[in-house]
Amino acid sequence: MNNNVRVRFAPSPTGHLHVGGARTALFNYLFAKSISKDSKFILRVEDTDKERSSQEFLKSQLKDLNSLGITPDEGVFLDGDDIKEKDDNNNILDSKSTKSYKQSKRSELNIYKEKIDFLLQNGLAYYCFLTDEEIDTQKTLAKESKSTQQITSPYRPKNLEDAKTKNLEATEKISKGLKPSIRFNTISAKPEYIIKDLVRGEVKLPSNMVGDFVIQRSNGMPVYNFCCVVDDALMNITHVLRAEEHLSNTLRQLMIYEALNFTIPQFAHMSLILGEDKKKLSKRHGATSVEDYIKEGYLPEALINFLCLLGWSHPESKEIFSIQEAAKVFDLKRLNSAPAVFDTKKLLWMNGEYIKKLSPDDLKNKLNKHSPNNNHIDQFFTLLNTTSGSADVSQRKASSNTLRNTQISILQNSIKTLVEAKGILNLIFGQLNITDESNEVLSWNEAKDVLEFWIKQLNIKTEIYLTEEEFIDIQDKIKQTCKVKGKTLFMPLRVAVIGKPHGAELKEIIPLILVSNLINRAEQVLKTINKAD
RNA sequence: GUCCCCUUCGUCUAGCGGUCUAGGAUGUCACCCUUUCACGGUGAAGACACGGGUUCAAGUCCCGUAGGGGACGCCA
């Protein structure tokens with residue numbers, strides 16, 4: 001009929017957005033965007049587990065998706081700080097609407113009840129009064145006898161006639177206060193179901209993989225497998241792109257599609273993201289949520305770029321590209337069926353690349369957003385932005401573009417994550433911290449002379465800041481007077497400026513530090529030398 | 001245990017029967033740049049899990065074996 005597709009990402013708000021979930025969302029998004037302008041990426045919320053779901057988690061997940069650039073065309077979205085829903089015509093749904101993209105709400109609207117009633121009446125589902133204990137015994141028995149561990153329920157009807165009597169019996173029990181679950185009756189299932197998976201090709205799923213599974217909890221809430229099918233069908237989802245761990249669920253879902261006479265969508269089961277131990281990435285691998293990575297100073301743009309390359313490859317072998325660029329060339333055929341290890345080292349490299357590409361203003365904004373209470377950030381950028389009308393000679397210099405660029409590179413070229421900026425800024429504005437590494441340098445005979453002369457020269461200066469030229473001038477004087485060069489000159493000096501023998505280029509960092517501060521630091525270092533003597 | 005999926009450098013991957021003495025990226029190492037560190041530049045080492053087939057020809061197709069992973073919930 002038309003070439004538009006409808007795909008969905010259906011998170012469950014029981015935790016923060018996991019990188020695996022983010023990638024699933026990304027591929028769904030990219031697929032929709034790559035097909036046509038009118039294709040839709042829908043966000044549905046699977047919050048049937050009332051105990052574990054929360055509004056806070058939902059909000060956090062939506063926020064993370066937004067910052068990654070994955071915004072839904074339809075369904076649940078975040079408007080400022082409010083969770084809202086919009087339908088396929090872009091109409092905002094209010095609380096009285098009979099439509100919703102949240103399964104908890106859809107359950108209240110009896111959307112699932114109608115379908116479950118249909119199954120019950122036709123013997124395709126049944127009330128099951130098996131207790132937890134009874135189920136446990138069945139399971140342990142099955143384990144001991146090494147047979148397949150499927151639950152067999154005595155409440156399962158054998159045929160339509162049987163279903164009628166069983167339903168009657170059930171109604172009676174329910175009226176007495178018993179709370180049954182509802183199981184799907186697999187009695188009429190085909191022996192084997194075959195899906196043509198877009199990633200894996202033909203996958204055969206034998207029906208004996210599953211027993212009569214629960215489709216509605218005893219508390220009245222239908223479960224994931226059921227809601228998922230009903231919603232995908234009712235929302236006209238054309239392609240289901242999800243993680244491989246759902247492959248075995250597909251069998252159950254296929255049975256439901258069939259029982260309910262729904263059209264079956266196309267499936268694409270994407271490979272899993274693994275930790276370094278090659279096991280499914282989970283909390284015990286450390287940082288796994290998008291929020292964790294952002295807190296650690298990763299840029300959302302870098303994270304999403306990295307995720308995109310996990311199980312997918314750019315047709316031109318590009319490594320660095322935006323989500324928009326990816327959407328232009330995205331093709332499901334390039335999805336890899338093998339699982340991928342999440343390589344933090346490559347992410348780190350990629351993040352560094354993104355940081356280097358940032359304009360000074362963007363860098364400033366990103367840093368401020370990341371650590372809003374660090375006033376060194378503004379100090380740093382104010383220094384770089386000082387107008388050329390300033391009376392101070394170094395401020396005039398600092399405003400020239402070339403100098404500004406080299407100075408900003410102190411920050412930009414040496415950090416791979418936003419958090420690392422803190423350390424650099426501390427070197428410029430913070431308290432001097434003399435590292436253990438410096439001790440050896442300070443024990444050199446020349447060190448004391450160099451520092452004393454350095455302080456003397458600084459004291460003559462009346463300007464607030466030193467220019468690069470002025471520093472080089474002093475540096476030459478030290479060379480002559482103290483008869484030092486190379487390591488013996490630069491290392492003690494560097495310790496006197498940043499507290500360690502390695503790190504920033506002196507002529508770049510010195511023009512950023514107040515002369516008075518330089519004096520304080522040098523005196524502090526000199527004191528430790530004298531103490532050691 | 002049962003069923004399902006997967007298998008190219010350490011890692012992410014290219015490869016859709018001949019153009020593969022297997023390409024790129026990252027990581028590692030070396031050298032250059034640099035009076036330090038980093039950045040940058042150049043280069044090196046590094047892989048088709050194994051065994052059978054099919055074919056004139058197999059990393060590429062088929063079958064086994066081994067290894068890894070996933071699912072087996074009134075979680076999603």
# chains A, B, ... in the order shown; residues from 1 in each chain; ligands from 1

call {"tool": "interface_residues", "arguments": {"of": "chain B", "to": "chain A", "cutoff": "12 Å", "atoms": "only C-alpha atoms (C1' of nucleotides)", "output": "number ranges by chain"}}
result
B: 1-8, 10-16, 23-27, 34-40, 68-76

call {"tool": "select_by_dssp", "arguments": {"residues": "segment 157-295 of chain A", "states": "strand (DSSP E or B)", "output": "number ranges by chain"}}
result
A: 181-184, 192-197, 201-206, 214-216, 222, 239-243, 266-270, 273-274, 280, 289

call {"tool": "residues_around", "arguments": {"residues": "C63 of chain B", "least_positions_apart": "2", "cutoff": "12 Å", "atoms": "only C-alpha atoms (C1' of nucleotides)", "output": "list in words"}}
result
G51, G52, G53, U54, C61 and U65 of chain B

call {"tool": "residues_around", "arguments": {"residues": "segment 420-431 of chain A", "least_positions_apart": "2", "cutoff": "6 Å", "atoms": "only C-alpha atoms (C1' of nucleotides)", "output": "PyMOL selection string"}}
result
chain A and resi 415+417-418+498+513

call {"tool": "select_by_dssp", "arguments": {"residues": "segment 284-333 of chain A", "states": "helix (DSSP H, G or I)", "output": "ChimeraX atom specification"}}
result
/A:284-285,290-295,300-308,323-329,332-333

call {"tool": "closest_residue", "arguments": {"among": "A:Ser359, A:Gln266, A:Ser107, A:Asn433", "to": "Glu202 of chain A", "atoms": "only C-alpha atoms"}}
result
A:Gln266
